[in-house]
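Undergrad: If it helps, the file is called target-v3.pdb and holds PDB, C-alpha atoms:
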```
ATOM      1  CA  MET A   1     -29.217  10.236-416.588
ATOM      2  CA  PHE A   2     -29.011   6.826-414.900
ATOM      3  CA  ASP A   3     -25.355   6.488-415.894
ATOM      4  CA  THR A   4     -24.532   9.863-414.338
ATOM      5  CA  VAL A   5     -26.346   9.002-411.095
ATOM      6  CA  PHE A   6     -24.634   5.601-411.009
ATOM      7  CA  ILE A   7     -21.183   7.177-411.431
ATOM      8  CA  ILE A   8     -21.932   9.708-408.691
ATOM      9  CA  MET A   9     -23.062   6.920-406.384
ATOM     10  CA  CYS A  10     -19.859   5.003-407.104
ATOM     11  CA  VAL A  11     -17.912   8.084-405.986
ATOM     12  CA  VAL A  12     -20.058   8.305-402.841
ATOM     13  CA  VAL A  13     -19.526   4.634-401.977
ATOM     14  CA  PHE A  14     -15.778   4.874-402.607
ATOM     15  CA  LEU A  15     -15.465   7.931-400.346
ATOM     16  CA  ALA A  16     -17.703   6.403-397.655
ATOM     17  CA  LEU A  17     -15.631   3.229-397.565
ATOM     18  CA  ALA A  18     -12.426   5.277-397.586
ATOM     19  CA  PHE A  19     -13.787   7.189-394.574
ATOM     20  CA  ASP A  20     -14.629   3.881-392.909
ATOM     21  CA  PHE A  21     -11.150   2.519-393.613
ATOM     22  CA  ILE A  22      -9.490   5.648-392.210
ATOM     23  CA  ASN A  23     -11.881   5.553-389.254
ATOM     24  CA  GLY A  24     -10.689   1.989-388.636
ATOM     25  CA  PHE A  25      -6.984   2.814-388.365
ATOM     26  CA  HIS A  26      -7.662   6.217-386.787
ATOM     27  CA  ASP A  27      -9.742   4.648-384.004
ATOM     28  CA  THR A  28      -7.898   1.353-383.540
ATOM     29  CA  ALA A  29      -6.346   2.885-380.433
ATOM     30  CA  ASN A  30      -9.775   3.133-378.816
ATOM     31  CA  ALA A  31     -10.001  -0.619-378.459
ATOM     32  CA  ILE A  32      -6.429  -1.722-377.920
ATOM     33  CA  ALA A  33      -4.271   1.117-376.569
ATOM     34  CA  THR A  34      -4.645   0.116-372.936
ATOM     35  CA  SER A  35      -4.101  -3.601-373.541
ATOM     36  CA  VAL A  36      -1.004  -2.895-375.660
ATOM     37  CA  SER A  37       0.449  -0.401-373.169
ATOM     38  CA  THR A  38       0.102  -2.903-370.298
ATOM     39  CA  ARG A  39       1.422  -5.748-372.493
ATOM     40  CA  ALA A  40      -1.731  -7.762-372.041
ATOM     41  CA  LEU A  41      -1.611  -8.217-375.813
ATOM     42  CA  SER A  42       1.134  -7.832-378.375
ATOM     43  CA  PRO A  43       0.426  -5.055-380.903
ATOM     44  CA  ARG A  44      -0.008  -7.506-383.788
ATOM     45  CA  VAL A  45      -2.417  -9.797-381.938
ATOM     46  CA  ALA A  46      -4.335  -6.825-380.533
ATOM     47  CA  ILE A  47      -4.851  -5.270-383.958
ATOM     48  CA  LEU A  48      -5.948  -8.551-385.569
ATOM     49  CA  MET A  49      -8.391  -9.211-382.751
ATOM     50  CA  ALA A  50      -9.740  -5.670-383.011
ATOM     51  CA  ALA A  51     -10.216  -6.067-386.773
ATOM     52  CA  VAL A  52     -12.228  -9.272-386.360
ATOM     53  CA  MET A  53     -14.378  -7.890-383.541
ATOM     54  CA  ASN A  54     -14.960  -4.639-385.430
ATOM     55  CA  PHE A  55     -16.230  -6.664-388.395
ATOM     56  CA  VAL A  56     -18.569  -8.736-386.221
ATOM     57  CA  GLY A  57     -19.862  -5.656-384.418
ATOM     58  CA  ALA A  58     -20.484  -3.812-387.678
ATOM     59  CA  LEU A  59     -22.806  -6.554-388.923
ATOM     60  CA  THR A  60     -24.806  -6.818-385.702
ATOM     61  CA  PHE A  61     -26.895  -3.613-385.596
ATOM     62  CA  THR A  62     -28.290  -0.955-387.972
ATOM     63  CA  GLY A  63     -30.049   1.558-385.710
ATOM     64  CA  VAL A  64     -27.188   4.073-385.702
ATOM     65  CA  ALA A  65     -26.972   3.891-389.512
ATOM     66  CA  LYS A  66     -30.667   4.823-389.771
ATOM     67  CA  THR A  67     -30.110   7.765-387.427
ATOM     68  CA  ILE A  68     -27.254   9.064-389.593
ATOM     69  CA  GLY A  69     -29.301   8.416-392.722
ATOM     70  CA  GLY A  70     -32.297  10.513-391.718
ATOM     71  CA  SER A  71     -31.980  12.506-388.493
ATOM     72  CA  ILE A  72     -29.582  15.273-389.566
ATOM     73  CA  ALA A  73     -31.525  16.083-392.725
ATOM     74  CA  ASP A  74     -34.215  14.493-394.877
ATOM     75  CA  PRO A  75     -32.456  13.208-398.013
ATOM     76  CA  THR A  76     -35.733  13.160-399.977
ATOM     77  CA  LEU A  77     -35.984  16.965-399.657
ATOM     78  CA  LEU A  78     -32.467  17.796-400.851
ATOM     79  CA  ALA A  79     -31.916  18.898-404.445
ATOM     80  CA  HIS A  80     -28.292  17.758-404.571
ATOM     81  CA  GLY A  81     -28.091  15.067-401.903
ATOM     82  CA  GLU A  82     -25.320  13.044-403.502
ATOM     83  CA  GLN A  83     -23.070  16.081-403.931
ATOM     84  CA  ILE A  84     -23.775  17.062-400.311
ATOM     85  CA  VAL A  85     -22.580  13.631-399.198
ATOM     86  CA  ILE A  86     -19.449  13.867-401.351
ATOM     87  CA  ALA A  87     -18.549  17.248-399.825
ATOM     88  CA  ALA A  88     -19.201  15.927-396.309
ATOM     89  CA  LEU A  89     -17.045  12.838-396.816
ATOM     90  CA  ILE A  90     -14.130  14.782-398.310
ATOM     91  CA  ALA A  91     -14.190  17.161-395.333
ATOM     92  CA  ALA A  92     -14.445  14.349-392.761
ATOM     93  CA  ILE A  93     -11.637  12.370-394.389
ATOM     94  CA  ALA A  94      -9.413  15.455-394.551
ATOM     95  CA  TRP A  95      -9.948  16.231-390.857
ATOM     96  CA  ASN A  96      -9.352  12.605-389.847
ATOM     97  CA  LEU A  97      -6.056  12.543-391.736
ATOM     98  CA  ILE A  98      -4.920  15.873-390.268
ATOM     99  CA  THR A  99      -5.604  14.757-386.682
ATOM    100  CA  TRP A 100      -4.085  11.315-387.335
ATOM    101  CA  TRP A 101      -0.899  12.913-388.679
ATOM    102  CA  PHE A 102      -0.486  14.930-385.496
ATOM    103  CA  GLY A 103      -1.413  11.980-383.275
ATOM    104  CA  ILE A 104      -4.531  13.664-381.870
ATOM    105  CA  PRO A 105      -7.370  11.245-380.943
ATOM    106  CA  SER A 106     -10.026  13.408-382.551
ATOM    107  CA  SER A 107     -13.507  12.065-383.169
ATOM    108  CA  SER A 108     -14.378  10.576-386.554
ATOM    109  CA  SER A 109     -18.021  10.765-385.489
ATOM    110  CA  HIS A 110     -17.826  14.487-384.799
ATOM    111  CA  ALA A 111     -16.048  14.998-388.095
ATOM    112  CA  LEU A 112     -18.680  13.154-390.136
ATOM    113  CA  ILE A 113     -21.714  14.594-388.350
ATOM    114  CA  GLY A 114     -20.306  18.122-388.440
ATOM    115  CA  ALA A 115     -19.349  17.746-392.096
ATOM    116  CA  LEU A 116     -22.761  16.423-393.127
ATOM    117  CA  ALA A 117     -24.484  19.283-391.310
ATOM    118  CA  GLY A 118     -22.097  21.821-392.858
ATOM    119  CA  ALA A 119     -22.600  20.462-396.372
ATOM    120  CA  VAL A 120     -26.388  20.576-395.956
ATOM    121  CA  ILE A 121     -26.187  24.171-394.718
ATOM    122  CA  GLY A 122     -23.905  25.065-397.620
ATOM    123  CA  ALA A 123     -26.468  23.661-400.055
ATOM    124  CA  GLU A 124     -29.814  24.490-398.450
ATOM    125  CA  GLY A 125     -29.105  26.950-395.644
ATOM    126  CA  LEU A 126     -30.054  26.355-392.017
ATOM    127  CA  GLY A 127     -33.559  25.346-393.133
ATOM    128  CA  GLY A 128     -32.158  22.134-394.581
ATOM    129  CA  ILE A 129     -31.168  20.850-391.139
ATOM    130  CA  ASN A 130     -33.577  18.736-389.079
ATOM    131  CA  ALA A 131     -33.099  20.736-385.895
ATOM    132  CA  SER A 132     -34.569  18.207-383.453
ATOM    133  CA  GLY A 133     -32.680  15.250-384.939
ATOM    134  CA  PHE A 134     -29.374  17.109-385.124
ATOM    135  CA  THR A 135     -29.793  18.412-381.571
ATOM    136  CA  SER A 136     -30.430  14.913-380.191
ATOM    137  CA  ILE A 137     -27.275  13.635-381.892
ATOM    138  CA  VAL A 138     -25.170  16.494-380.516
ATOM    139  CA  GLN A 139     -26.600  15.877-377.034
ATOM    140  CA  ALA A 140     -25.520  12.231-377.252
ATOM    141  CA  LEU A 141     -22.044  13.326-378.348
ATOM    142  CA  ILE A 142     -21.817  15.721-375.382
ATOM    143  CA  PHE A 143     -23.232  13.506-372.635
ATOM    144  CA  SER A 144     -21.540  10.217-373.590
ATOM    145  CA  PRO A 145     -18.011  11.320-372.550
ATOM    146  CA  LEU A 146     -19.356  12.752-369.279
ATOM    147  CA  ILE A 147     -21.066   9.454-368.521
ATOM    148  CA  ALA A 148     -17.926   7.535-369.529
ATOM    149  CA  PHE A 149     -15.769   9.669-367.209
ATOM    150  CA  THR A 150     -18.155   9.054-364.313
ATOM    151  CA  LEU A 151     -18.396   5.330-365.013
ATOM    152  CA  GLY A 152     -14.618   4.944-365.361
ATOM    153  CA  PHE A 153     -14.062   6.828-362.108
ATOM    154  CA  THR A 154     -16.704   4.756-360.290
ATOM    155  CA  LEU A 155     -15.433   1.398-361.562
ATOM    156  CA  MET A 156     -11.866   2.268-360.573
ATOM    157  CA  MET A 157     -12.910   3.373-357.083
ATOM    158  CA  VAL A 158     -14.826   0.113-356.579
ATOM    159  CA  LEU A 159     -11.896  -1.987-357.825
ATOM    160  CA  LYS A 160      -9.472  -0.107-355.560
ATOM    161  CA  LYS A 161     -11.598  -0.927-352.517
ATOM    162  CA  VAL A 162     -12.197  -4.556-353.488
ATOM    163  CA  PHE A 163      -8.508  -5.291-354.153
ATOM    164  CA  ALA A 164      -6.988  -2.927-351.575
ATOM    165  CA  ASN A 165      -5.474  -5.754-349.543
ATOM    166  CA  ARG A 166      -4.297  -7.911-352.437
ATOM    167  CA  SER A 167      -0.773  -8.159-353.786
ATOM    168  CA  PRO A 168      -0.301  -5.597-356.610
ATOM    169  CA  HIS A 169       1.586  -8.217-358.618
ATOM    170  CA  GLN A 170      -1.270 -10.748-358.400
ATOM    171  CA  VAL A 171      -3.885  -8.080-359.120
ATOM    172  CA  ASN A 172      -2.066  -6.904-362.225
ATOM    173  CA  LYS A 173      -1.496 -10.479-363.395
ATOM    174  CA  GLY A 174      -5.221 -11.260-363.109
ATOM    175  CA  PHE A 175      -6.368  -8.073-364.801
ATOM    176  CA  ARG A 176      -3.812  -8.405-367.577
ATOM    177  CA  ALA A 177      -5.617 -11.606-368.618
ATOM    178  CA  SER A 178      -9.019  -9.923-368.197
ATOM    179  CA  GLN A 179      -7.934  -7.115-370.491
ATOM    180  CA  VAL A 180      -8.038  -9.513-373.439
ATOM    181  CA  VAL A 181     -11.782  -9.855-372.892
ATOM    182  CA  THR A 182     -12.427  -6.145-372.357
ATOM    183  CA  ALA A 183     -10.332  -5.200-375.400
ATOM    184  CA  ALA A 184     -12.381  -7.606-377.534
ATOM    185  CA  PHE A 185     -15.610  -6.194-376.057
ATOM    186  CA  GLN A 186     -14.410  -2.661-376.748
ATOM    187  CA  ALA A 187     -13.560  -3.518-380.374
ATOM    188  CA  PHE A 188     -16.968  -5.167-380.831
ATOM    189  CA  THR A 189     -18.829  -2.104-379.530
ATOM    190  CA  HIS A 190     -16.655   0.129-381.724
ATOM    191  CA  GLY A 191     -17.887  -1.814-384.741
ATOM    192  CA  THR A 192     -21.517  -1.619-383.616
ATOM    193  CA  ASN A 193     -21.411   2.172-383.608
ATOM    194  CA  ASP A 194     -18.661   3.546-385.846
ATOM    195  CA  ALA A 195     -19.022   1.283-388.887
ATOM    196  CA  GLN A 196     -22.718   2.135-389.046
ATOM    197  CA  LYS A 197     -21.901   5.766-389.795
ATOM    198  CA  ALA A 198     -20.566   4.835-393.228
ATOM    199  CA  MET A 199     -23.607   2.620-393.774
ATOM    200  CA  GLY A 200     -25.861   5.536-392.870
ATOM    201  CA  ILE A 201     -24.140   8.015-395.169
ATOM    202  CA  ILE A 202     -24.318   5.590-398.128
ATOM    203  CA  THR A 203     -28.015   4.990-397.444
ATOM    204  CA  PHE A 204     -28.552   8.761-397.186
ATOM    205  CA  ALA A 205     -27.093   9.162-400.689
ATOM    206  CA  LEU A 206     -29.072   6.211-402.086
ATOM    207  CA  VAL A 207     -32.338   7.722-400.865
ATOM    208  CA  ALA A 208     -31.369  11.185-402.144
ATOM    209  CA  ALA A 209     -30.599   9.659-405.555
ATOM    210  CA  GLN A 210     -33.967   7.832-405.507
ATOM    211  CA  MET A 211     -32.203   4.494-405.785
ATOM    212  CA  GLN A 212     -34.130   3.272-402.750
ATOM    213  CA  SER A 213     -37.160   4.677-400.944
ATOM    214  CA  THR A 214     -36.622   3.605-397.312
ATOM    215  CA  ASP A 215     -33.855   3.904-394.726
ATOM    216  CA  GLU A 216     -33.295   0.138-394.608
ATOM    217  CA  ILE A 217     -29.611  -0.757-394.819
ATOM    218  CA  GLN A 218     -28.936  -3.073-397.751
ATOM    219  CA  LEU A 219     -26.821  -6.174-397.177
ATOM    220  CA  TRP A 220     -24.067  -5.112-399.578
ATOM    221  CA  VAL A 221     -23.782  -1.819-397.697
ATOM    222  CA  LYS A 222     -23.394  -3.650-394.370
ATOM    223  CA  ILE A 223     -20.758  -6.055-395.658
ATOM    224  CA  SER A 224     -18.714  -3.444-397.518
ATOM    225  CA  ALA A 225     -18.695  -1.013-394.562
ATOM    226  CA  ALA A 226     -17.828  -3.780-392.098
ATOM    227  CA  THR A 227     -14.995  -4.961-394.350
ATOM    228  CA  ALA A 228     -13.580  -1.462-394.826
ATOM    229  CA  MET A 229     -13.648  -0.859-391.072
ATOM    230  CA  ALA A 230     -11.926  -4.190-390.359
ATOM    231  CA  LEU A 231      -9.226  -3.584-392.991
ATOM    232  CA  GLY A 232      -8.583  -0.106-391.612
ATOM    233  CA  THR A 233      -8.328  -1.501-388.110
ATOM    234  CA  SER A 234      -5.801  -4.084-389.293
ATOM    235  CA  VAL A 235      -3.492  -1.268-390.419
ATOM    236  CA  GLY A 236      -3.490   0.345-386.976
ATOM    237  CA  GLY A 237      -2.986   3.943-385.878
ATOM    238  CA  TRP A 238       0.288   3.848-383.979
ATOM    239  CA  LYS A 239       0.571   7.561-383.252
ATOM    240  CA  ILE A 240      -2.815   7.622-381.542
ATOM    241  CA  ILE A 241      -2.132   4.326-379.750
ATOM    242  CA  LYS A 242       0.940   6.000-378.239
ATOM    243  CA  THR A 243      -1.104   9.028-377.147
ATOM    244  CA  MET A 244      -3.929   6.985-375.639
ATOM    245  CA  GLY A 245      -1.717   4.357-374.036
ATOM    246  CA  THR A 246       1.111   6.406-372.580
ATOM    247  CA  LYS A 247       0.519  10.149-372.586
ATOM    248  CA  ILE A 248      -2.582  10.485-370.380
ATOM    249  CA  PHE A 249      -1.257   8.595-367.339
ATOM    250  CA  LYS A 250       0.760   5.455-366.589
ATOM    251  CA  ILE A 251      -1.748   2.645-367.134
ATOM    252  CA  GLU A 252      -1.677  -0.607-365.172
ATOM    253  CA  PRO A 253      -3.811  -3.639-366.114
ATOM    254  CA  ILE A 254      -6.501  -2.886-363.524
ATOM    255  CA  ASN A 255      -6.782   0.653-364.936
ATOM    256  CA  GLY A 256      -7.028  -0.604-368.508
ATOM    257  CA  PHE A 257      -9.725  -3.093-367.515
ATOM    258  CA  ALA A 258     -11.825  -0.394-365.817
ATOM    259  CA  ALA A 259     -11.395   2.089-368.683
ATOM    260  CA  ASP A 260     -12.254  -0.427-371.410
ATOM    261  CA  MET A 261     -15.242  -1.818-369.546
ATOM    262  CA  GLY A 262     -16.650   1.618-368.746
ATOM    263  CA  SER A 263     -16.331   2.989-372.263
ATOM    264  CA  ALA A 264     -17.602  -0.190-373.944
ATOM    265  CA  MET A 265     -20.719  -0.143-371.774
ATOM    266  CA  VAL A 266     -21.442   3.458-372.787
ATOM    267  CA  ILE A 267     -20.904   2.737-376.501
ATOM    268  CA  LEU A 268     -23.109  -0.367-376.492
ATOM    269  CA  THR A 269     -25.881   1.477-374.640
ATOM    270  CA  ALA A 270     -25.743   4.266-377.225
ATOM    271  CA  THR A 271     -25.861   1.731-380.057
ATOM    272  CA  LEU A 272     -28.939   0.062-378.579
ATOM    273  CA  ALA A 273     -30.548   3.528-378.284
ATOM    274  CA  HIS A 274     -29.628   4.237-381.956
ATOM    275  CA  PHE A 275     -27.361   7.176-381.059
ATOM    276  CA  PRO A 276     -24.027   7.752-382.810
ATOM    277  CA  VAL A 277     -21.347   8.555-380.233
ATOM    278  CA  SER A 278     -17.628   9.049-380.385
ATOM    279  CA  THR A 279     -15.652   5.982-379.424
ATOM    280  CA  THR A 280     -12.632   8.267-379.097
ATOM    281  CA  HIS A 281     -14.462  10.469-376.624
ATOM    282  CA  THR A 282     -15.772   7.617-374.536
ATOM    283  CA  ILE A 283     -12.509   5.706-374.123
ATOM    284  CA  THR A 284     -10.488   8.874-373.490
ATOM    285  CA  SER A 285     -13.031  10.158-370.965
ATOM    286  CA  SER A 286     -13.168   6.769-369.292
ATOM    287  CA  LEU A 287      -9.352   6.774-369.080
ATOM    288  CA  LEU A 288      -9.423  10.241-367.528
ATOM    289  CA  GLY A 289     -12.010   9.052-365.006
ATOM    290  CA  VAL A 290      -9.935   6.001-364.121
ATOM    291  CA  GLY A 291      -6.771   8.105-363.837
ATOM    292  CA  SER A 292      -8.548  10.569-361.550
ATOM    293  CA  ALA A 293      -9.694   7.742-359.302
ATOM    294  CA  LYS A 294      -6.193   6.254-359.231
ATOM    295  CA  ARG A 295      -4.521   9.546-358.336
ATOM    296  CA  PHE A 296      -5.722  12.908-359.626
ATOM    297  CA  SER A 297      -2.187  14.277-359.936
ATOM    298  CA  SER A 298      -1.092  11.283-362.034
ATOM    299  CA  VAL A 299      -3.191  12.435-365.006
ATOM    300  CA  LYS A 300      -1.332  14.566-367.532
ATOM    301  CA  TRP A 301      -4.046  17.202-367.750
ATOM    302  CA  SER A 302      -2.162  19.232-370.371
ATOM    303  CA  MET A 303      -2.552  16.318-372.807
ATOM    304  CA  ALA A 304      -6.171  15.913-371.710
ATOM    305  CA  GLY A 305      -6.725  19.617-372.411
ATOM    306  CA  ARG A 306      -5.241  19.244-375.888
ATOM    307  CA  ILE A 307      -7.569  16.325-376.599
ATOM    308  CA  VAL A 308     -10.641  18.178-375.286
ATOM    309  CA  MET A 309      -9.769  21.189-377.428
ATOM    310  CA  SER A 310      -9.697  18.970-380.512
ATOM    311  CA  TRP A 311     -13.152  17.713-379.552
ATOM    312  CA  LEU A 312     -14.530  21.240-379.306
ATOM    313  CA  ILE A 313     -13.234  22.399-382.666
ATOM    314  CA  THR A 314     -13.967  19.277-384.730
ATOM    315  CA  ILE A 315     -17.663  19.892-385.490
ATOM    316  CA  PRO A 316     -17.352  23.579-386.471
ATOM    317  CA  ILE A 317     -14.160  23.075-388.483
ATOM    318  CA  SER A 318     -15.454  20.003-390.344
ATOM    319  CA  ALA A 319     -18.787  21.786-390.948
ATOM    320  CA  PHE A 320     -17.012  24.826-392.395
ATOM    321  CA  MET A 321     -14.759  22.659-394.564
ATOM    322  CA  ALA A 322     -17.739  20.695-395.902
ATOM    323  CA  ALA A 323     -19.681  23.871-396.717
ATOM    324  CA  VAL A 324     -16.664  25.185-398.637
ATOM    325  CA  PHE A 325     -16.203  21.870-400.452
ATOM    326  CA  PHE A 326     -19.881  21.890-401.448
ATOM    327  CA  LYS A 327     -19.560  25.410-402.876
ATOM    328  CA  VAL A 328     -16.541  24.285-404.892
ATOM    329  CA  ILE A 329     -18.447  21.243-406.171
ATOM    330  CA  GLU A 330     -21.432  23.481-406.981
ATOM    331  CA  TRP A 331     -19.222  25.887-408.912
ATOM    332  CA  ILE A 332     -17.489  23.132-410.895
ATOM    333  CA  TRP A 333     -20.270  20.603-411.311
ATOM    334  CA  LEU A 334     -23.786  21.962-410.850
TER     335      LEU A 334
END
```
Would you mind giving the structure from this file in structure tokens?
TA:
Amino acid sequence: MFDTVFIIMCVVVFLALAFDFINGFHDTANAIATSVSTRALSPRVAILMAAVMNFVGALTFTGVAKTIGGSIADPTLLAHGEQIVIAALIAAIAWNLITWWFGIPSSSSHALIGALAGAVIGAEGLGGINASGFTSIVQALIFSPLIAFTLGFTLMMVLKKVFANRSPHQVNKGFRASQVVTAAFQAFTHGTNDAQKAMGIITFALVAAQMQSTDEIQLWVKISAATAMALGTSVGGWKIIKTMGTKIFKIEPINGFAADMGSAMVILTATLAHFPVSTTHTITSSLLGVGSAKRFSSVKWSMAGRIVMSWLITIPISAFMAAVFFKVIEWIWL
């Protein structure tokens, strides 16, 4: 019995770390696309810096991991918790790879949360979902991009007024240097929120398997998730970097600074409040806000519409995929 549970947990950990690795290269663009597109940083230096800061951020907090580990469903009440997690991770990984292949900055957070909810529903029905906890998570996912858009717009409007009479060349030169700091800050906040999702899903499975009784995140879980995220980041997601850095609007250093600062502030606030949010959503929304403040017509709204559509479909599609994967696992295994 113990050997079987141990093997299942090894599968869970492998899939969770694979998700974290893919999340790292899928979401690398969130932290560095603007600094690369404005040539504040070379791609190689930007990716290495993002990997280091992701690792540091991942080890700093655990509140989001605890939210993932217990707010969507109670793992102690699930009959097949480990299999639910396996189905959820397969679905989330599949969706991440599909959107990465097509260069769409879809949300890894939406994919994982939707997949976990779908797998629970596939196993236990709607009664298996913690309605209040799941609702609060979805609300955070909805409101965070709206706040990021508003903050990006506001920061850009303030910067435009402050530097209205300065030489554009000098302004861009100064903000190109500042972008190094904001890109590092953005990568750090990415680690504080996104890497914790893998920690939370592993802890969820450990509790479901009765291998631990609390939602405390074990040290080996923290280190392994942080490492997987950093390694994934070091690979880089060039297709999404191109989308984020060039296809929304023409970004100048002052725009990149405002977008990175606005989104990083939203992500860090969410982390401190223990809410999982989408780093993809926040940086893209912040970019859209900054672009709107710069010149509304300069934003390529068709690309923005394509991105928003991917946001809307991610949770239901990943939930459906996870429910199907659980039924397949149930048919083969249980």
Undergrad: Skip range 173-185 of chain A itself and residues of its chain fewer than 5 positions away, then list as JSON, numbers by chain all residues within 7 Å of it, counting only C-alpha atoms.
TA: {"A": [31, 32, 35, 40, 41, 49, 50, 53, 253, 254, 256, 257, 260, 261, 264]}
Undergrad: Can you list, as a PyMOL selection string, every protein, DNA or RNA residue that comes within 9 Å of range 12-27 of chain A when you count all atoms listed in the file, leaving out same-chain residues fewer than 3 positions away?
TA: chain A and resi 7-9+30-31+51+54+82-83+85-86+89-90+92-93+96-97+99-100+105-109+112+190+194-195+197-199+201-202+205+221+224-238+240-241+279-280
Undergrad: Those residues you just picked out, can you put them in a file as a PDB file, in the coordinates of the input with C-alpha atoms?
TA:
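What follows is the written file part.pdb:
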```pdb
ATOM      1  CA  ILE A   7     -21.183   7.177-411.431  1.00  0.00           C
ATOM      2  CA  ILE A   8     -21.932   9.708-408.691  1.00  0.00           C
ATOM      3  CA  MET A   9     -23.062   6.920-406.384  1.00  0.00           C
ATOM      4  CA  ASN A  30      -9.775   3.133-378.816  1.00  0.00           C
ATOM      5  CA  ALA A  31     -10.001  -0.619-378.459  1.00  0.00           C
ATOM      6  CA  ALA A  51     -10.216  -6.067-386.773  1.00  0.00           C
ATOM      7  CA  ASN A  54     -14.960  -4.639-385.430  1.00  0.00           C
ATOM      8  CA  GLU A  82     -25.320  13.044-403.502  1.00  0.00           C
ATOM      9  CA  GLN A  83     -23.070  16.081-403.931  1.00  0.00           C
ATOM     10  CA  VAL A  85     -22.580  13.631-399.198  1.00  0.00           C
ATOM     11  CA  ILE A  86     -19.449  13.867-401.351  1.00  0.00           C
ATOM     12  CA  LEU A  89     -17.045  12.838-396.816  1.00  0.00           C
ATOM     13  CA  ILE A  90     -14.130  14.782-398.310  1.00  0.00           C
ATOM     14  CA  ALA A  92     -14.445  14.349-392.761  1.00  0.00           C
ATOM     15  CA  ILE A  93     -11.637  12.370-394.389  1.00  0.00           C
ATOM     16  CA  ASN A  96      -9.352  12.605-389.847  1.00  0.00           C
ATOM     17  CA  LEU A  97      -6.056  12.543-391.736  1.00  0.00           C
ATOM     18  CA  THR A  99      -5.604  14.757-386.682  1.00  0.00           C
ATOM     19  CA  TRP A 100      -4.085  11.315-387.335  1.00  0.00           C
ATOM     20  CA  PRO A 105      -7.370  11.245-380.943  1.00  0.00           C
ATOM     21  CA  SER A 106     -10.026  13.408-382.551  1.00  0.00           C
ATOM     22  CA  SER A 107     -13.507  12.065-383.169  1.00  0.00           C
ATOM     23  CA  SER A 108     -14.378  10.576-386.554  1.00  0.00           C
ATOM     24  CA  SER A 109     -18.021  10.765-385.489  1.00  0.00           C
ATOM     25  CA  LEU A 112     -18.680  13.154-390.136  1.00  0.00           C
ATOM     26  CA  HIS A 190     -16.655   0.129-381.724  1.00  0.00           C
ATOM     27  CA  ASP A 194     -18.661   3.546-385.846  1.00  0.00           C
ATOM     28  CA  ALA A 195     -19.022   1.283-388.887  1.00  0.00           C
ATOM     29  CA  LYS A 197     -21.901   5.766-389.795  1.00  0.00           C
ATOM     30  CA  ALA A 198     -20.566   4.835-393.228  1.00  0.00           C
ATOM     31  CA  MET A 199     -23.607   2.620-393.774  1.00  0.00           C
ATOM     32  CA  ILE A 201     -24.140   8.015-395.169  1.00  0.00           C
ATOM     33  CA  ILE A 202     -24.318   5.590-398.128  1.00  0.00           C
ATOM     34  CA  ALA A 205     -27.093   9.162-400.689  1.00  0.00           C
ATOM     35  CA  VAL A 221     -23.782  -1.819-397.697  1.00  0.00           C
ATOM     36  CA  SER A 224     -18.714  -3.444-397.518  1.00  0.00           C
ATOM     37  CA  ALA A 225     -18.695  -1.013-394.562  1.00  0.00           C
ATOM     38  CA  ALA A 226     -17.828  -3.780-392.098  1.00  0.00           C
ATOM     39  CA  THR A 227     -14.995  -4.961-394.350  1.00  0.00           C
ATOM     40  CA  ALA A 228     -13.580  -1.462-394.826  1.00  0.00           C
ATOM     41  CA  MET A 229     -13.648  -0.859-391.072  1.00  0.00           C
ATOM     42  CA  ALA A 230     -11.926  -4.190-390.359  1.00  0.00           C
ATOM     43  CA  LEU A 231      -9.226  -3.584-392.991  1.00  0.00           C
ATOM     44  CA  GLY A 232      -8.583  -0.106-391.612  1.00  0.00           C
ATOM     45  CA  THR A 233      -8.328  -1.501-388.110  1.00  0.00           C
ATOM     46  CA  SER A 234      -5.801  -4.084-389.293  1.00  0.00           C
ATOM     47  CA  VAL A 235      -3.492  -1.268-390.419  1.00  0.00           C
ATOM     48  CA  GLY A 236      -3.490   0.345-386.976  1.00  0.00           C
ATOM     49  CA  GLY A 237      -2.986   3.943-385.878  1.00  0.00           C
ATOM     50  CA  TRP A 238       0.288   3.848-383.979  1.00  0.00           C
ATOM     51  CA  ILE A 240      -2.815   7.622-381.542  1.00  0.00           C
ATOM     52  CA  ILE A 241      -2.132   4.326-379.750  1.00  0.00           C
ATOM     53  CA  THR A 279     -15.652   5.982-379.424  1.00  0.00           C
ATOM     54  CA  THR A 280     -12.632   8.267-379.097  1.00  0.00           C
TER      55      THR A 280
END
```
Undergrad: Find the distance between CA of Ile137 in chain A and CA of Leu268 in chain A and write it in Å to one decimal.
TA: 15.6 Å
Undergrad: Box along x, y and z, 5 Å on every side, all listed atoms of range 135-150 of chain A inside: centre and edge lengths in Å to one decimal, as lines of an AutoDock Vina configuration file.
TA:
```
center_x = -23.1
center_y = 13.0
center_z = -373.1
size_x = 24.7
size_y = 20.9
size_z = 27.6
```
Undergrad: Which distance in Å separates CA of Val328 in chain A and CA of Ala94 in chain A, to one decimal?
TA: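 Distance reported for this atom pair: 15.4 Å.
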Undergrad: Go through A:Ser167, A:Ser310, A:Ser292, A:Ser278 and flag the residue nearest Ile142 in chain A, using all atoms listed in the file for the distances.
TA: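 Under the stated criterion, the closest residue is A:Ser278.
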Undergrad: Taking the file above as input, evaluate the PyMOL selection byres ((chain A and resi 63-79) around 8) and report the hits as number ranges by chain.
TA: A: 61-62, 80-81, 113, 116-117, 120, 124, 128-131, 133-134, 193, 196-205, 207-208, 210, 215-217, 271-276
Undergrad: What does the PyMOL selection byres ((chain A and resi 316) around 12) select in this file, as a PyMOL selection string?
TA: chain A and resi 91-92+95+110-119+310-315+317-323
Undergrad: In Å, rounded to a single decimal, give me how far CA of Ser37 in chain A is from CA of Leu151 in chain A.
TA: 21.3 Å
